[in-house]
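*Asks:* Sharing my_file-v1.txt below, compact mmCIF, C-alpha atoms:
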# COMPACT_ATOMS: atom_id res chain seq x y z
CA MET S 1 -69.23 21.62 17.62
CA SER S 2 -69.19 24.83 15.67
CA ALA S 3 -66.22 24.01 13.49
CA THR S 4 -63.88 21.20 12.51
CA PRO S 5 -60.44 21.52 14.15
CA SER S 6 -57.37 21.55 11.97
CA THR S 7 -55.41 18.33 11.61
CA ARG S 8 -52.40 19.86 13.34
CA ASP S 9 -52.30 22.41 16.15
CA VAL S 10 -49.20 23.43 18.06
CA PHE S 11 -49.48 24.90 21.54
CA VAL S 12 -46.62 26.83 23.15
CA SER S 13 -46.41 28.98 26.26
CA ARG S 14 -46.10 32.56 25.08
CA PHE S 15 -45.08 33.58 28.60
CA ASN S 16 -42.24 31.06 28.72
CA ARG S 17 -41.07 32.02 25.25
CA GLY S 18 -41.08 35.66 26.31
CA LEU S 19 -38.91 34.70 29.28
CA ALA S 20 -36.58 32.85 26.92
CA VAL S 21 -36.14 35.93 24.72
CA ALA S 22 -35.52 38.09 27.80
CA LEU S 23 -32.98 35.59 29.13
CA TRP S 24 -31.14 35.46 25.79
CA ALA S 25 -31.01 39.26 25.71
CA VAL S 26 -29.51 39.37 29.21
CA VAL S 27 -26.99 36.64 28.35
CA ALA S 28 -25.96 38.46 25.19
CA LEU S 29 -25.57 41.75 27.07
CA VAL S 30 -23.51 40.21 29.89
CA PHE S 31 -21.32 38.32 27.42
CA THR S 32 -20.73 41.45 25.33
CA VAL S 33 -19.83 43.56 28.36
CA THR S 34 -17.50 40.83 29.64
CA VAL S 35 -15.70 40.47 26.32
CA LEU S 36 -15.28 44.23 25.92
CA ASN S 37 -14.12 44.89 29.48
CA ASP S 38 -11.97 41.88 30.42
CA ALA S 39 -8.31 42.44 29.66
CA THR S 40 -7.17 38.89 29.00
CA TRP S 41 -8.18 36.45 26.30
CA ALA S 42 -8.40 33.73 28.96
CA ASP S 43 -11.17 35.60 30.77
CA ARG S 44 -12.95 36.16 27.48
CA ALA S 45 -12.72 32.47 26.63
CA LEU S 46 -14.04 31.49 30.06
CA ALA S 47 -17.04 33.78 29.54
CA VAL S 48 -18.17 31.62 26.63
CA VAL S 49 -19.14 28.65 28.83
CA PRO S 50 -21.71 30.38 31.09
CA ALA S 51 -23.06 32.20 28.04
CA VAL S 52 -23.62 28.88 26.28
CA PHE S 53 -25.33 27.54 29.42
CA GLY S 54 -27.69 30.53 29.56
CA ALA S 55 -28.55 30.23 25.87
CA LEU S 56 -29.07 26.47 26.12
CA PHE S 57 -31.15 26.80 29.31
CA GLY S 58 -33.43 29.28 27.56
CA TRP S 59 -34.00 26.88 24.68
CA VAL S 60 -34.31 23.58 26.60
CA VAL S 61 -36.35 24.80 29.56
CA LEU S 62 -38.33 27.76 28.21
CA TRP S 63 -38.52 27.77 24.40
CA ARG S 64 -38.62 24.13 23.26
CA PRO S 65 -41.45 22.67 25.44
CA HIS S 66 -44.65 22.48 23.41
CA MET S 67 -47.60 20.27 22.53
CA THR S 68 -48.51 19.20 19.00
CA ILE S 69 -52.02 17.87 18.33
CA ARG S 70 -52.45 15.63 15.29
CA ASP S 71 -55.08 13.23 14.00
CA ASP S 72 -53.07 10.25 15.27
CA GLY S 73 -52.32 11.57 18.74
CA ILE S 74 -50.71 14.24 20.90
CA GLU S 75 -46.98 14.83 21.03
CA VAL S 76 -45.80 16.45 24.28
CA VAL S 77 -42.28 17.86 24.30
CA ASN S 78 -41.17 18.59 27.87
CA VAL S 79 -37.79 19.51 29.31
CA LEU S 80 -36.62 15.96 30.01
CA SER S 81 -38.50 13.89 27.43
CA THR S 82 -40.99 13.69 24.58
CA ALA S 83 -44.16 11.62 25.02
CA THR S 84 -46.61 10.59 22.31
CA VAL S 85 -50.16 9.95 23.49
CA PRO S 86 -52.35 8.15 20.91
CA TRP S 87 -55.99 9.22 21.03
CA ALA S 88 -57.06 5.65 21.78
CA ALA S 89 -54.99 5.73 24.99
CA LEU S 90 -56.46 8.96 26.35
CA VAL S 91 -59.08 8.55 29.10
CA HIS S 92 -59.12 11.92 30.87
CA VAL S 93 -57.85 15.50 30.56
CA ASP S 94 -56.94 17.11 33.88
CA THR S 95 -55.88 20.70 34.65
CA ARG S 96 -55.41 20.71 38.41
CA PHE S 97 -51.74 21.71 38.48
CA ALA S 98 -50.99 21.67 34.75
CA LEU S 99 -52.57 20.17 31.67
CA THR S 100 -52.23 16.43 32.24
CA LEU S 101 -53.13 13.75 29.70
CA VAL S 102 -54.28 10.72 31.66
CA THR S 103 -53.96 7.21 30.22
CA PRO S 104 -54.23 3.81 31.95
CA ARG S 105 -50.44 3.40 31.78
CA ARG S 106 -49.17 6.88 32.67
CA ARG S 107 -50.00 10.52 33.28
CA VAL S 108 -48.32 12.88 30.82
CA VAL S 109 -47.89 16.39 32.21
CA VAL S 110 -47.62 19.19 29.63
CA SER S 111 -44.99 21.49 31.12
CA ALA S 112 -45.81 24.20 28.56
CA ALA S 113 -49.35 24.46 30.00
CA PRO S 114 -49.24 25.06 33.78
CA ALA S 115 -52.41 25.91 35.67
CA PRO S 116 -52.77 29.59 36.61
CA GLY S 117 -52.09 31.14 39.99
CA ARG S 118 -54.42 33.62 41.67
CA ILE S 119 -53.34 36.52 39.47
CA GLY S 120 -53.76 34.39 36.34
CA VAL S 121 -57.25 33.31 37.43
CA ALA S 122 -58.30 36.91 38.04
CA MET S 123 -57.00 38.00 34.63
CA ALA S 124 -58.70 35.05 32.91
CA LYS S 125 -62.03 35.88 34.55
CA ARG S 126 -61.82 39.43 33.29
CA GLN S 127 -61.02 38.14 29.80
CA GLU S 128 -64.03 35.79 29.87
CA GLN S 129 -66.35 38.56 31.03
CA ARG S 130 -65.01 40.89 28.35
CA HIS S 131 -65.24 38.44 25.43
CA GLY S 132 -68.02 36.13 26.57
CA HIS S 133 -65.87 32.97 26.27
CA VAL S 134 -66.95 29.83 28.06
CA VAL S 135 -64.68 26.84 28.67
CA PRO S 136 -66.22 23.39 28.01
CA GLU S 137 -67.00 21.45 31.16
CA ALA S 138 -64.38 18.88 32.18
CA GLU S 139 -65.26 15.22 31.84
CA SER S 140 -65.97 15.03 35.58
CA GLY S 141 -68.69 17.64 35.18
CA GLY S 142 -66.83 20.23 37.24
CA ARG S 143 -64.76 23.18 36.16
CA ARG S 144 -61.30 23.95 37.48
CA ALA S 145 -59.50 27.27 37.40
CA GLY S 146 -57.07 25.55 35.03
CA ASP S 147 -59.90 25.09 32.51
CA MET S 148 -60.36 28.81 32.00
CA LEU S 149 -59.51 30.26 28.62
CA SER S 150 -56.73 32.85 28.48
CA THR S 151 -54.64 30.57 30.74
CA ASP S 152 -51.98 28.21 29.41
CA SER S 153 -53.65 25.09 30.82
CA GLY S 154 -57.14 26.19 29.77
CA ASP S 155 -56.21 27.07 26.19
CA ALA S 156 -54.25 23.84 25.76
CA ALA S 157 -57.00 21.72 27.35
CA TYR S 158 -59.58 23.33 25.06
CA LEU S 159 -57.56 22.33 21.99
CA VAL S 160 -57.19 18.74 23.20
CA ARG S 161 -60.85 18.34 24.11
CA TRP S 162 -61.98 19.91 20.84
CA HIS S 163 -59.95 17.49 18.76
CA TRP S 164 -60.85 14.55 21.01
CA ASP S 165 -64.58 15.22 20.74
CA ALA S 166 -64.40 15.69 16.96
CA LEU S 167 -62.50 12.45 16.42
CA ARG S 168 -64.86 10.47 18.66
CA GLU S 169 -67.88 11.87 16.84
CA ASP S 170 -66.32 10.85 13.52
CA GLY S 171 -65.61 7.35 14.82
CA ALA S 172 -61.87 7.84 14.26
CA ILE S 173 -60.89 6.53 17.70
CA GLU S 174 -61.04 2.84 18.51
CA LEU S 175 -62.86 2.67 21.84
CA GLY S 176 -62.15 0.16 24.60
CA THR S 177 -58.48 -0.31 23.74
CA ALA S 178 -56.87 2.25 26.07
CA ASP S 179 -55.36 -0.39 28.37
CA SER S 180 -53.41 -1.99 25.54
CA VAL S 181 -52.19 1.16 23.75
CA ARG S 182 -48.56 2.13 24.36
CA VAL S 183 -47.56 5.67 25.24
CA PRO S 184 -43.91 5.94 24.12
CA VAL S 185 -41.59 8.31 25.96
CA VAL S 186 -38.19 9.32 24.54
CA PRO S 187 -35.73 10.94 27.02
CA HIS S 188 -33.76 13.99 25.92
CA TRP S 189 -30.39 12.57 26.92
CA VAL S 190 -28.27 14.81 24.68
CA SER S 191 -29.79 18.16 25.58
CA VAL S 192 -29.95 17.33 29.29
CA ALA S 193 -26.30 16.19 29.27
CA LEU S 194 -25.25 19.37 27.47
CA LEU S 195 -27.22 21.48 29.93
CA VAL S 196 -25.57 19.79 32.92
CA ALA S 197 -22.10 19.97 31.37
CA THR S 198 -22.33 23.66 30.48
CA GLY S 199 -23.90 24.43 33.85
CA VAL S 200 -21.05 22.79 35.76
CA GLY S 201 -18.49 24.25 33.37
CA GLY S 202 -20.03 27.70 33.71
CA TRP S 203 -19.85 27.51 37.50
CA PHE S 204 -16.14 26.61 37.39
CA ALA S 205 -15.52 29.31 34.77
CA ILE S 206 -17.06 31.98 37.00
CA ALA S 207 -15.24 30.66 40.08
CA ALA S 208 -11.92 30.71 38.22
CA ARG S 209 -12.16 34.39 37.26
Represent the structure of the file as structure tokens.

*Replies:*
Amino acid sequence: MSATPSTRDVFVSRFNRGLAVALWAVVALVFTVTVLNDATWADRALAVVPAVFGALFGWVVLWRPHMTIRDDGIEVVNVLSTATVPWAALVHVDTRFALTLVTPRRRVVVSAAPAPGRIGVAMAKRQEQRHGHVVPEAESGGRRAGDMLSTDSGDAAYLVRWHWDALREDGAIELGTADSVRVPVVPHWVSVALLVATGVGGWFAIAAR
């Protein structure tokens, strides 16, 4: 390895976060136009609920999902839950449909790192040719489109494999214990409940106008 990875790396989807900002801008514009144009205070009050749903949807679904890589493991924050994968539990890194951390007990999909489509693959190939970047081979010895740098799954997988290799070389991972290592998952009950409540409330608010 050419360098030692930092003890903490955070991966987010820049595309998803861009969508979140665009969504929030649209929500703010629609809410402002509604408040300025609607004649009654009741209509203005009803407009708050769908606006809250749009803002919350942007945060829960698009902005918040991320992956944090630390010396003690990988924290994956998805839409519905947060999973913590200790390094000792990790046995494989897959990128077929999205970055997936495979352990004997479960497969943890990183929703912030989906595999690219055809357009994404073509763009990533051009980036590799332009900059001379090469993605490390997957553990199986093959290379998927999702392993390519300049894609969400490829960039995230590179970070995971880089840290994983460094820690194994340093002897920081206890080998042979993957079957007995827990992978805790904490559901996002509050945010999901709020999202559902504001979504249903927003639908009734629009229908009532």

*Asks:* Looking at all atoms listed in the file, which of S:Phe204, S:Trp24, S:Phe11, S:Trp87 is the one that sits closest to Thr68 (chain S)?

*Replies:* S:Phe11

*Asks:* If we draw a sphere of 12 Å around (-57.9, 6.1, 30.7), which residues have at least one atom in it when counting only C-alpha atoms? Please report them as a ChimeraX atom specification.

*Replies:* /S:85-94,100-108,139,175-183

*Asks:* Can you spit out the residues from that selection as a short mmCIF file (atom, residue, chain, number, x, y, z; two decimals), keeping the file's coordinate frame, using C-alpha atoms?

*Replies:*
data_model
loop_
_atom_site.label_atom_id
_atom_site.label_comp_id
_atom_site.auth_asym_id
_atom_site.auth_seq_id
_atom_site.Cartn_x
_atom_site.Cartn_y
_atom_site.Cartn_z
CA VAL S 85 -50.16 9.95 23.49
CA PRO S 86 -52.35 8.15 20.91
CA TRP S 87 -55.99 9.22 21.03
CA ALA S 88 -57.06 5.65 21.78
CA ALA S 89 -54.99 5.73 24.99
CA LEU S 90 -56.46 8.96 26.35
CA VAL S 91 -59.08 8.55 29.10
CA HIS S 92 -59.12 11.92 30.87
CA VAL S 93 -57.85 15.50 30.56
CA ASP S 94 -56.94 17.11 33.88
CA THR S 100 -52.23 16.43 32.24
CA LEU S 101 -53.13 13.75 29.70
CA VAL S 102 -54.28 10.72 31.66
CA THR S 103 -53.96 7.21 30.22
CA PRO S 104 -54.23 3.81 31.95
CA ARG S 105 -50.44 3.40 31.78
CA ARG S 106 -49.17 6.88 32.67
CA ARG S 107 -50.00 10.52 33.28
CA VAL S 108 -48.32 12.88 30.82
CA GLU S 139 -65.26 15.22 31.84
CA LEU S 175 -62.86 2.67 21.84
CA GLY S 176 -62.15 0.16 24.60
CA THR S 177 -58.48 -0.31 23.74
CA ALA S 178 -56.87 2.25 26.07
CA ASP S 179 -55.36 -0.39 28.37
CA SER S 180 -53.41 -1.99 25.54
CA VAL S 181 -52.19 1.16 23.75
CA ARG S 182 -48.56 2.13 24.36
CA VAL S 183 -47.56 5.67 25.24
#

*Asks:* Could you please determine the separation between CA of Ser81 (chain S) and CA of Arg96 (chain S) in Å, to one decimal place?

*Replies:*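 One can read the CA of Ser81 (chain S) to CA of Arg96 (chain S) distance as 21.3 Å.
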
*Asks:* Taking all atoms listed in the file into account, which of S:Ser153, S:Thr84, S:Trp63, S:Met148 comes nearest Val21 (chain S)?

*Replies:* S:Trp63

*Asks:* For a test of reading the model, state the distance in Å between CA of Ser13 (chain S) and CA of Leu167 (chain S), rounded to one decimal.

*Replies:* 25.1 Å

*Asks:* Which residue, S:Ala207, S:Val61, S:Met67, S:Val27, has the smallest gap to Arg8 (chain S) when you use only C-alpha atoms?

*Replies:*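 Among S:Ala207, S:Val61, S:Met67, S:Val27, it is S:Met67 that comes nearest to Arg8 (chain S).
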
*Asks:* Could you give me, as a VMD selection string, the residues within 9 Å of Ala156 (chain S), counting all atoms listed in the file and dropping anything in the same chain fewer than 2 positions from it?

*Replies:* chain S and resid 11 to 12 67 99 110 112 to 113 147 149 151 to 154 158 to 161

*Asks:* Could you check the closest approach to Val77 (chain S) for each of S:Leu46, S:Val109, S:Ala197, S:Ile173 and tell me which residue wins, using all atoms listed in the file?

*Replies:*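 Result for the nearest residue to Val77 (chain S): S:Val109.
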
*Asks:* How many Å lie between CA of Ala20 (chain S) and CA of Trp189 (chain S), rounded to one decimal?

*Replies:*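 So the answer is 21.2 Å.
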
*Asks:* Between S:Phe97, S:Trp59, S:Phe15, S:Phe53, single out the one closest to Val79 (chain S), counting only C-alpha atoms.

*Replies:*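 Smallest distance to Val79 (chain S) is found for S:Trp59.
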
*Asks:* For Ala166 (chain S), which residue among S:Val26, S:Gly18, S:Asp71, S:Pro50 is the nearest when counting all atoms listed in the file?

*Replies:*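 Looking only at the distances to Ala166 (chain S), the closest residue turns out to be S:Asp71.
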
*Asks:* Name all residues at most 12 Å from Ala47 (chain S) (count only C-alpha atoms; drop same-chain ones fewer than 6 positions away) and give them as a PDB file with C-alpha atoms, in the frame of the given file.

*Replies:*
ATOM      1  CA  VAL S  27     -26.990  36.640  28.350  1.00  0.00           C
ATOM      2  CA  ALA S  28     -25.960  38.460  25.190  1.00  0.00           C
ATOM      3  CA  LEU S  29     -25.570  41.750  27.070  1.00  0.00           C
ATOM      4  CA  VAL S  30     -23.510  40.210  29.890  1.00  0.00           C
ATOM      5  CA  PHE S  31     -21.320  38.320  27.420  1.00  0.00           C
ATOM      6  CA  THR S  32     -20.730  41.450  25.330  1.00  0.00           C
ATOM      7  CA  VAL S  33     -19.830  43.560  28.360  1.00  0.00           C
ATOM      8  CA  THR S  34     -17.500  40.830  29.640  1.00  0.00           C
ATOM      9  CA  VAL S  35     -15.700  40.470  26.320  1.00  0.00           C
ATOM     10  CA  LEU S  36     -15.280  44.230  25.920  1.00  0.00           C
ATOM     11  CA  ASN S  37     -14.120  44.890  29.480  1.00  0.00           C
ATOM     12  CA  ASP S  38     -11.970  41.880  30.420  1.00  0.00           C
ATOM     13  CA  THR S  40      -7.170  38.890  29.000  1.00  0.00           C
ATOM     14  CA  TRP S  41      -8.180  36.450  26.300  1.00  0.00           C
ATOM     15  CA  PHE S  53     -25.330  27.540  29.420  1.00  0.00           C
ATOM     16  CA  GLY S  54     -27.690  30.530  29.560  1.00  0.00           C
ATOM     17  CA  THR S 198     -22.330  23.660  30.480  1.00  0.00           C
ATOM     18  CA  GLY S 201     -18.490  24.250  33.370  1.00  0.00           C
ATOM     19  CA  GLY S 202     -20.030  27.700  33.710  1.00  0.00           C
ATOM     20  CA  TRP S 203     -19.850  27.510  37.500  1.00  0.00           C
ATOM     21  CA  PHE S 204     -16.140  26.610  37.390  1.00  0.00           C
ATOM     22  CA  ALA S 205     -15.520  29.310  34.770  1.00  0.00           C
ATOM     23  CA  ILE S 206     -17.060  31.980  37.000  1.00  0.00           C
ATOM     24  CA  ALA S 207     -15.240  30.660  40.080  1.00  0.00           C
ATOM     25  CA  ALA S 208     -11.920  30.710  38.220  1.00  0.00           C
ATOM     26  CA  ARG S 209     -12.160  34.390  37.260  1.00  0.00           C
TER      27      ARG S 209
END

*Asks:* Add whatever atoms are absent from region 61-96 of chain S to reach N, CA and C atoms, and provide the output as a PDB file, keeping the file's coordinate frame.

*Replies:*
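New file out_36.pdb:
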ATOM      1  N   VAL S  61     -35.382  24.681  28.473  1.00  0.00           N
ATOM      2  CA  VAL S  61     -36.350  24.800  29.560  1.00  0.00           C
ATOM      3  C   VAL S  61     -37.535  25.701  29.201  1.00  0.00           C
ATOM      4  N   LEU S  62     -37.280  26.770  28.448  1.00  0.00           N
ATOM      5  CA  LEU S  62     -38.330  27.760  28.210  1.00  0.00           C
ATOM      6  C   LEU S  62     -38.898  27.749  26.795  1.00  0.00           C
ATOM      7  N   TRP S  63     -38.040  27.628  25.785  1.00  0.00           N
ATOM      8  CA  TRP S  63     -38.520  27.770  24.400  1.00  0.00           C
ATOM      9  C   TRP S  63     -39.032  26.459  23.809  1.00  0.00           C
ATOM     10  N   ARG S  64     -38.283  25.369  23.959  1.00  0.00           N
ATOM     11  CA  ARG S  64     -38.620  24.130  23.260  1.00  0.00           C
ATOM     12  C   ARG S  64     -39.897  23.436  23.733  1.00  0.00           C
ATOM     13  N   PRO S  65     -40.243  23.407  25.019  1.00  0.00           N
ATOM     14  CA  PRO S  65     -41.450  22.670  25.440  1.00  0.00           C
ATOM     15  C   PRO S  65     -42.697  23.128  24.698  1.00  0.00           C
ATOM     16  N   HIS S  66     -43.423  22.170  24.144  1.00  0.00           N
ATOM     17  CA  HIS S  66     -44.650  22.480  23.410  1.00  0.00           C
ATOM     18  C   HIS S  66     -45.493  21.228  23.281  1.00  0.00           C
ATOM     19  N   MET S  67     -46.692  21.392  22.768  1.00  0.00           N
ATOM     20  CA  MET S  67     -47.600  20.270  22.530  1.00  0.00           C
ATOM     21  C   MET S  67     -48.118  20.361  21.101  1.00  0.00           C
ATOM     22  N   THR S  68     -48.012  19.263  20.372  1.00  0.00           N
ATOM     23  CA  THR S  68     -48.510  19.200  19.000  1.00  0.00           C
ATOM     24  C   THR S  68     -49.672  18.224  18.935  1.00  0.00           C
ATOM     25  N   ILE S  69     -50.810  18.699  18.438  1.00  0.00           N
ATOM     26  CA  ILE S  69     -52.020  17.870  18.330  1.00  0.00           C
ATOM     27  C   ILE S  69     -52.208  17.473  16.873  1.00  0.00           C
ATOM     28  N   ARG S  70     -52.264  16.155  16.640  1.00  0.00           N
ATOM     29  CA  ARG S  70     -52.450  15.630  15.290  1.00  0.00           C
ATOM     30  C   ARG S  70     -53.605  14.642  15.285  1.00  0.00           C
ATOM     31  N   ASP S  71     -53.980  14.197  14.110  1.00  0.00           N
ATOM     32  CA  ASP S  71     -55.080  13.230  14.000  1.00  0.00           C
ATOM     33  C   ASP S  71     -54.745  11.894  14.644  1.00  0.00           C
ATOM     34  N   ASP S  72     -53.444  11.556  14.721  1.00  0.00           N
ATOM     35  CA  ASP S  72     -53.070  10.250  15.270  1.00  0.00           C
ATOM     36  C   ASP S  72     -52.700  10.302  16.745  1.00  0.00           C
ATOM     37  N   GLY S  73     -52.640  11.491  17.332  1.00  0.00           N
ATOM     38  CA  GLY S  73     -52.320  11.570  18.740  1.00  0.00           C
ATOM     39  C   GLY S  73     -51.756  12.921  19.130  1.00  0.00           C
ATOM     40  N   ILE S  74     -51.236  12.991  20.338  1.00  0.00           N
ATOM     41  CA  ILE S  74     -50.710  14.240  20.900  1.00  0.00           C
ATOM     42  C   ILE S  74     -49.242  14.039  21.253  1.00  0.00           C
ATOM     43  N   GLU S  75     -48.400  14.879  20.705  1.00  0.00           N
ATOM     44  CA  GLU S  75     -46.980  14.830  21.030  1.00  0.00           C
ATOM     45  C   GLU S  75     -46.683  15.915  22.066  1.00  0.00           C
ATOM     46  N   VAL S  76     -46.110  15.515  23.195  1.00  0.00           N
ATOM     47  CA  VAL S  76     -45.800  16.450  24.280  1.00  0.00           C
ATOM     48  C   VAL S  76     -44.286  16.510  24.453  1.00  0.00           C
ATOM     49  N   VAL S  77     -43.715  17.657  24.133  1.00  0.00           N
ATOM     50  CA  VAL S  77     -42.280  17.860  24.300  1.00  0.00           C
ATOM     51  C   VAL S  77     -42.062  18.628  25.590  1.00  0.00           C
ATOM     52  N   ASN S  78     -41.492  17.970  26.594  1.00  0.00           N
ATOM     53  CA  ASN S  78     -41.170  18.590  27.870  1.00  0.00           C
ATOM     54  C   ASN S  78     -39.673  18.810  27.980  1.00  0.00           C
ATOM     55  N   VAL S  79     -39.214  19.228  29.127  1.00  0.00           N
ATOM     56  CA  VAL S  79     -37.790  19.510  29.310  1.00  0.00           C
ATOM     57  C   VAL S  79     -36.960  18.243  29.234  1.00  0.00           C
ATOM     58  N   LEU S  80     -37.412  17.178  29.895  1.00  0.00           N
ATOM     59  CA  LEU S  80     -36.620  15.960  30.010  1.00  0.00           C
ATOM     60  C   LEU S  80     -36.942  14.896  28.969  1.00  0.00           C
ATOM     61  N   SER S  81     -38.113  14.976  28.340  1.00  0.00           N
ATOM     62  CA  SER S  81     -38.500  13.890  27.430  1.00  0.00           C
ATOM     63  C   SER S  81     -39.616  14.347  26.496  1.00  0.00           C
ATOM     64  N   THR S  82     -39.866  13.509  25.494  1.00  0.00           N
ATOM     65  CA  THR S  82     -40.990  13.690  24.580  1.00  0.00           C
ATOM     66  C   THR S  82     -41.890  12.476  24.673  1.00  0.00           C
ATOM     67  N   ALA S  83     -43.172  12.699  24.930  1.00  0.00           N
ATOM     68  CA  ALA S  83     -44.160  11.620  25.020  1.00  0.00           C
ATOM     69  C   ALA S  83     -45.158  11.750  23.891  1.00  0.00           C
ATOM     70  N   THR S  84     -45.586  10.610  23.354  1.00  0.00           N
ATOM     71  CA  THR S  84     -46.610  10.590  22.310  1.00  0.00           C
ATOM     72  C   THR S  84     -47.819   9.833  22.835  1.00  0.00           C
ATOM     73  N   VAL S  85     -48.936  10.522  22.941  1.00  0.00           N
ATOM     74  CA  VAL S  85     -50.160   9.950  23.490  1.00  0.00           C
ATOM     75  C   VAL S  85     -51.145   9.691  22.344  1.00  0.00           C
ATOM     76  N   PRO S  86     -51.341   8.448  21.932  1.00  0.00           N
ATOM     77  CA  PRO S  86     -52.350   8.150  20.910  1.00  0.00           C
ATOM     78  C   PRO S  86     -53.739   8.473  21.453  1.00  0.00           C
ATOM     79  N   TRP S  87     -54.645   8.883  20.578  1.00  0.00           N
ATOM     80  CA  TRP S  87     -55.990   9.220  21.030  1.00  0.00           C
ATOM     81  C   TRP S  87     -56.683   8.043  21.695  1.00  0.00           C
ATOM     82  N   ALA S  88     -56.406   6.835  21.216  1.00  0.00           N
ATOM     83  CA  ALA S  88     -57.060   5.650  21.780  1.00  0.00           C
ATOM     84  C   ALA S  88     -56.626   5.394  23.218  1.00  0.00           C
ATOM     85  N   ALA S  89     -55.476   5.944  23.628  1.00  0.00           N
ATOM     86  CA  ALA S  89     -54.990   5.730  24.990  1.00  0.00           C
ATOM     87  C   ALA S  89     -55.524   6.760  25.976  1.00  0.00           C
ATOM     88  N   LEU S  90     -56.033   7.871  25.481  1.00  0.00           N
ATOM     89  CA  LEU S  90     -56.460   8.960  26.350  1.00  0.00           C
ATOM     90  C   LEU S  90     -57.794   8.635  27.025  1.00  0.00           C
ATOM     91  N   VAL S  91     -57.839   8.815  28.358  1.00  0.00           N
ATOM     92  CA  VAL S  91     -59.080   8.550  29.100  1.00  0.00           C
ATOM     93  C   VAL S  91     -59.578   9.772  29.859  1.00  0.00           C
ATOM     94  N   HIS S  92     -58.707  10.754  30.097  1.00  0.00           N
ATOM     95  CA  HIS S  92     -59.120  11.920  30.870  1.00  0.00           C
ATOM     96  C   HIS S  92     -58.149  13.065  30.626  1.00  0.00           C
ATOM     97  N   VAL S  93     -58.658  14.291  30.692  1.00  0.00           N
ATOM     98  CA  VAL S  93     -57.850  15.500  30.560  1.00  0.00           C
ATOM     99  C   VAL S  93     -57.987  16.290  31.858  1.00  0.00           C
ATOM    100  N   ASP S  94     -56.895  16.445  32.583  1.00  0.00           N
ATOM    101  CA  ASP S  94     -56.940  17.110  33.880  1.00  0.00           C
ATOM    102  C   ASP S  94     -56.148  18.416  33.831  1.00  0.00           C
ATOM    103  N   THR S  95     -56.569  19.401  34.626  1.00  0.00           N
ATOM    104  CA  THR S  95     -55.880  20.700  34.650  1.00  0.00           C
ATOM    105  C   THR S  95     -55.636  21.194  36.067  1.00  0.00           C
ATOM    106  N   ARG S  96     -55.532  20.279  37.020  1.00  0.00           N
ATOM    107  CA  ARG S  96     -55.410  20.710  38.410  1.00  0.00           C
ATOM    108  C   ARG S  96     -54.145  21.524  38.664  1.00  0.00           C
TER     109      ARG S  96
END
